[in-house]
Structure formats: structure tokens, C-alpha cells
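Shown next, in C-alpha cells, is the structure this report addresses.
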Amino acid sequence: MRIIGIHDGHNAAACLLEDGVVTAAVQEERLSRVKNHDVFPARAVAWLLGRAGCGWEGIDAVAIGGLHQPAHRDRAALIEATRRAGAPRPGPLVRRAGRATPPVLAWHKRRHRRRRLAEARAAGVDPAKIVFIEHHACHAAAAYWAGPWRGEPVLVLTADGAGDGLCATAAVADESSARPGAACRLAEIGELESPALVYLIVTTLLGMVPNEHEYKLMGLAPYAPREAAEEVAAVFDRLLEWDPIRPLVWRRRRGVPGAYFLYPTLRRWLEPFRFDVICGGLQLWIERLLTEWVRRAVAATGVRKVALAGGIFMNVKANQAIAALPEVEDLFVLPSCGDETNALGAAFAVYDGIRSGDCLPQGKTVIPPPPIAPLRTLYWGEEFGGDSLVTALAAAGDRFAWERPADMAEHAAEALARGEVVARFAGRAEFGARALGNRSILADPSRPGVVRTINDMIKSRDFWMPFACSILNERAADYLVNPKGIAAPWMILTFDTVADPPERRAEINAGTHPYDGTVRPQIVSPGDNPAYYELLRAFERRTGADGRRGIGRSQGIGALLNTSFNLHGHPIVNTPAEALAVMERSGLRYLILGDYWVRKREEG
């Protein structure tokens, strides 16, 4: 049973689900090289078909996320639309009012549906195979089916900017009794009450790119003085309140415009405050709103295992606050849980419908396929090796020197231990927003100055933004405060770092936030990515008692600094040629390219 799942909006993506297992997935931006590309993902779909080795006749269904998808917008159009929202517009009042009436909105939705179907047909999709899945049902399906729990109730919460008229939903899902779609929802919250849109608007107000740079506000928040941040949080408290009748629902306070029209209101309210204080207050407000929502949902259901999806949960600090709640027994946050993962959720929802007999491919009687497997990996992209690597190196001419070490892990670990920055392009590409070792820039995390080195040579990342760490699974307790043992293999949660002994925190100093001591880890186990795990182990040996830097240290450093392999503002590299091009355009000197060790030749 093969299903292609598609998200055809912001950060478009597609995935291939085969007999309940995701076998391939890619975001359109990796192929088009347009950051967060808002488009029908025709390139991604074509790549999936090539990967599957079949034509459309070999695909049983095409699941598209969202009943309604707005018109495609690029970065400039989104910024302009955000700034214009709520401003007075010219034109007769009757005409302006008519734009928002149900008949006009229904006409717009029909027009956009025709456009989506036309884009799908242009990509070769048979319209008879298409199933549209409601936006938040996609988020919920992705959170539940990707999660680790089966045969027991799970509290599934979704929240994002907006989709199909909603910004958030709450449901209890159980594999054997209720699926995480609209039918089993406990609460729905309308899009005009969206806190994620508030975050987007403030991102725009501060001169950054909406739907892209929200993480920069989160990273700046700890720098704000607490008292001043509390004052700004009180300003945001003027927006929403809890519904006294429906305890799982927040609503706008009287007189507050809908979220789409808040730009002028927030600009006026926030004008007296400094930028860092605005970030601190906004982050406090978001964390308190989401943690209170989780508390209320657990109290209402008695279910303490929680699964989260939707773009607002890319906020790793809010996720940490949720994980710390005594009401929460265990937490699963869908990795890269923005709309790109609605390609997964749509495919899961249709596959589950086929298994249950609720959604059969046209004209077919289907033997129930295997159940959906919990998420095990995100290495779903393209892999390059052999001739493709040699071809790329040959095309680069004499700008690089290369060799094939007998032991790549030991060879690279030696360079890392002496303080070099090394990029790694090996294995299948990661799906989503995070580089998990295969398309990464790596460095010794015990050297605080390496952050500036990486920023100067390639990343140009804002000075206040920390990098992340890849940490050996058996060493996680040496670095992280994680009393509940929450799994953290995908950089979607932050944790406090251990305070005692202080030498341990110093070993990952470059990967921790300098103001609050938190770290966003990728915990690496042997089965996750064997080659990358061996590199971490080799680095641990090199920095231990028997290694070159092991004086006075009985155990080496069980972590590496890890940031994505790309130039600032560009998608993560996807091909060997792109990896070499970034190396040439930056100060990067060393690259693992498959099983080749590549060195930039000295100029002059």
C-alpha cells in the first residue's frame, strides 16, 4: 500500500508512506532552493516517484493536507500582508464588508480548490486518487501515529497560526477506539484567537521575517530583564482570556480585534518597550498560555501522556516548560512540527482510513495493510555516493584536495579535537528544519569561541542565538537535567544543563544558551545513525584520558556542536555540488563528503 502525502502551502513538502512506514520525504525548498517555498511540491512528488521506482499507477492514494489552502505567497508578500492587516483600506464600505461574507468566502475557497487540483493535475496526479484532509486533523494524525504509544489513550494537542478556520484543537486518541480527527475532539479554537499569529505579527514588527524568524525572538527572550519582561507579558494578557464555560478554550477579550487584524494594535501597545523586553514578554506569555492549556486538558481527561504538533510547538522553550509540568507523565513533540509535517499527517490519516475501511481507494477492495509504525528516523531524503561524489569533486577542479581515509570517524575526530570546524555531507538527508548530523556543520562544543568562528566563516547567525549539540545517548545524563527520561533525538526540546560538576557543563559550553544554560540536544543512539554515532564516539576517545586533549580528564567529551549545513537564509544543502559550493563561498575548510575527506586548497 503506497500513499503520497502532500502539503502544498508554506514550506511545501511531500512524503511516501509504504505499508505504514514513511520511506521517503522531502521539502520542496531542498530541491527548488527557495527557503520555505510556498508552492505545490511538484519537484518533491517527482523525486518520490523516482525513489519508489513506479509511476502513478503504483500509488494507491494521494493525501493532501488542508481542505482549504490560501493563495501561494512569497516572503515579501507575507510581510506586506501582515503589515497591511487591520489598516484602513480604500473603497466603499459595502464592497469591503462583502469580502468577508460567507458566500464570498465560499467562492474564494472553491477558486482555490480548483487551483490546487489544477496544480496536482499538472504534476501528473490523478484527481480520482486525491483525498483532502482537514488541516488540524493532519497535525493530530502526525502527532499520534508518529508517537511511541499504542493501545493506550494519548492527549493530542495541535496549535499553529491557522488552518481550515482553526488555530488549535484538543483530543484524546486511542488506536483501538478513536482516531485523532475531528470526531473525537474535545475542543476547537478559531483562527481569530491564534497566539501563533500574535508571535508572527510581533516577529514582523521587530523587522524580522514572519513564518521564519520566530525562533530568533525565542532565542533573544532570556536576555530581557525579568521585571521588564513581566510588564510586557501583562500587555499580551490583554489579548486573550479563558472561556468560563469551555475550560479548554481561550477567547479574545472584549474589544480585541481578530488575530489577522492585530498589527496596528500591537504596534501601538508595544511601542514604549525595548526589542529584547518585547521578546522576553512574548515568550513568557506563550509559555504560560500553553502550559495552562496542557494543565486544563490533563485535568479534563485524566490522560497524562501528551503528543503535540503544529508550528507553535517549534518553540522549544515552551516545550521544555510543558515537559516540566507535574501533570505530564511523558511528552512527544512531533519533530519539525510545522505545516511541512502535514504531508505525513495527511498520509497517516488516509492510510488509517483504508485500514479501518472508512476510506478505500476508488474501485478497489483492499486487504487491510500493516499498522502505522511509530517514528524511528527522519533520514528520508536523498543519498549520494560513488560516482556522484567523484563527479562533483571533479567538476570543482583544483579548488579542493580530497582523499579516502581508512577510518573516516577517527580522521574527522582528530581534526575536530584540534579545534577545526568540519562539515558533514553523508547518508540520507534529514527531513524538516533540523540538521541531524548528515547535513551538518560540526565542532568541539567545549570551545566557546567556536560559535563566533562558525558565524564568521559561514552562518552569519545572530549573536544571541545558540547552536545545538549532538550528544551520545549513554552520556546524556552527564549533561542534561531530564528526570522524566523524555526522549530527545530530534532537537525539538530544550533542557537545563547539569550544574555539578561544572566541568561537564563546560564541555558543551558552545552549545548552551549563555543566559539560561539550556541546550537543544539531539540524543544519538547507535541504531539512529551508526556512522554519525561512531564519529561522536571517536571524538569522545580523542578528548579523553587516552586522547590528545585528555590531560586530567578520565572521560572525553560525549557531544559535538551541530548546526545546519547552509549559508544564512538559504535551505540546507541537498547535493554534493551544493555542499562544495557552500564550502567555496565560505570560510569552511574541511568537509566529509560521503567517504571522501575534502580540504580547501590554500589560496596563493
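As shown in the C-alpha cells, the chain order sets the letters A, B, ...; within each chain, residues go from 1, and ligands are also counted from 1 in the order they appear.
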
Test item: residues at most 10 Å from segment 54-59 of chain A, only C-alpha atoms, excluding those fewer than 6 positions along its chain, as a PDB file with C-alpha atoms, in the first residue's frame:
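Resulting contents of result10.pdb:
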ATOM      1  CA  MET A   1       0.000   0.000   0.000  1.00  0.00           C
ATOM      2  CA  ARG A   2       1.611   3.234  -1.192  1.00  0.00           C
ATOM      3  CA  ILE A   3       0.314   6.687  -0.309  1.00  0.00           C
ATOM      4  CA  ILE A   4       1.858  10.022  -1.201  1.00  0.00           C
ATOM      5  CA  LEU A  16       5.875   8.436   0.640  1.00  0.00           C
ATOM      6  CA  LEU A  17       4.136   6.060   3.063  1.00  0.00           C
ATOM      7  CA  GLU A  18       4.595   2.373   2.207  1.00  0.00           C
ATOM      8  CA  ALA A  46       8.521  13.645  -8.824  1.00  0.00           C
ATOM      9  CA  LEU A  48       9.295  10.402  -4.530  1.00  0.00           C
ATOM     10  CA  GLY A 124       0.565  14.130 -13.069  1.00  0.00           C
ATOM     11  CA  VAL A 125      -1.754  13.334 -10.160  1.00  0.00           C
ATOM     12  CA  ASP A 126      -4.980  11.540 -10.998  1.00  0.00           C
ATOM     13  CA  LYS A 129      -6.902   9.403  -6.160  1.00  0.00           C
ATOM     14  CA  PRO A 361      -9.102   3.761  -2.974  1.00  0.00           C
TER      15      PRO A 361
END

inquiry  = Which residues are close to Pro405 of chain A, i.e. within 8 Å by only C-alpha atoms, leaving aside same-chain residues fewer than 3 positions away? Reply as a ChimeraX atom specification.
reply    = /A:408,411,595-597

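One finds atom CA of Asn566 of chain A at 7.8 Å from atom CA of Ile458 of chain A.
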
message = Give me, as an MDAnalysis selection string, the residues of segment 147-394 of chain A that a backbone DSSP run labels helix (DSSP H, G or I).
response = chainID A and resid 182:184 191:193 195:205 214:223 226:236 259:261 263:270 275:301 311:314 316:323 339:356 387:394

message = Residues within 7 Å of Arg304 of chain A, please, as a PyMOL selection string. Count only C-alpha atoms; anything in the same chain fewer than 2 positions from it doesn't count.
response = chain A and resi 298+302+306+327-330

Convert the current residue selection to file output with N, CA and C atoms, as a PDB file, in the first residue's frame.
ATOM      1  N   VAL A 298      -5.163  17.948  30.741  1.00  0.00           N
ATOM      2  CA  VAL A 298      -4.902  16.758  31.556  1.00  0.00           C
ATOM      3  C   VAL A 298      -5.962  16.624  32.645  1.00  0.00           C
ATOM      4  N   GLY A 302      -7.748  13.280  32.342  1.00  0.00           N
ATOM      5  CA  GLY A 302      -7.003  12.304  33.135  1.00  0.00           C
ATOM      6  C   GLY A 302      -5.886  11.631  32.371  1.00  0.00           C
ATOM      7  N   VAL A 306       1.234  13.020  26.561  1.00  0.00           N
ATOM      8  CA  VAL A 306       0.821  14.142  25.722  1.00  0.00           C
ATOM      9  C   VAL A 306       1.622  14.140  24.428  1.00  0.00           C
ATOM     10  N   GLU A 327       1.847  17.496  35.910  1.00  0.00           N
ATOM     11  CA  GLU A 327       0.688  16.807  35.341  1.00  0.00           C
ATOM     12  C   GLU A 327       1.065  15.919  34.161  1.00  0.00           C
ATOM     13  N   VAL A 328       2.203  16.198  33.528  1.00  0.00           N
ATOM     14  CA  VAL A 328       2.615  15.470  32.319  1.00  0.00           C
ATOM     15  C   VAL A 328       3.532  14.310  32.703  1.00  0.00           C
ATOM     16  N   GLU A 329       3.106  13.093  32.373  1.00  0.00           N
ATOM     17  CA  GLU A 329       3.925  11.905  32.647  1.00  0.00           C
ATOM     18  C   GLU A 329       5.002  11.724  31.595  1.00  0.00           C
ATOM     19  N   ASP A 330       4.628  11.895  30.321  1.00  0.00           N
ATOM     20  CA  ASP A 330       5.585  11.750  29.228  1.00  0.00           C
ATOM     21  C   ASP A 330       5.124  12.649  28.092  1.00  0.00           C
TER      22      ASP A 330
END

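Residue nearest Ala171 of chain A, chosen from A:Asn319, A:Thr301, A:Thr265, A:Ser194 and counting only C-alpha atoms: A:Thr301.
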
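The environment of Pro70 of chain A within 10 Å, counting only C-alpha atoms and disregarding residues fewer than 4 places along the same chain, consists of Asp8, Gly9, His10, Gly66, His108, Lys109, Arg111, His112, Arg113, Arg116, Gly163 and Asp164 of chain A.
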
task = Considering only C-alpha atoms, state which residue in the set A:Leu535, A:Ala559, A:Ala71, A:Ile492 is at the smallest distance from Asp478 of chain A.
result = A:Ala559
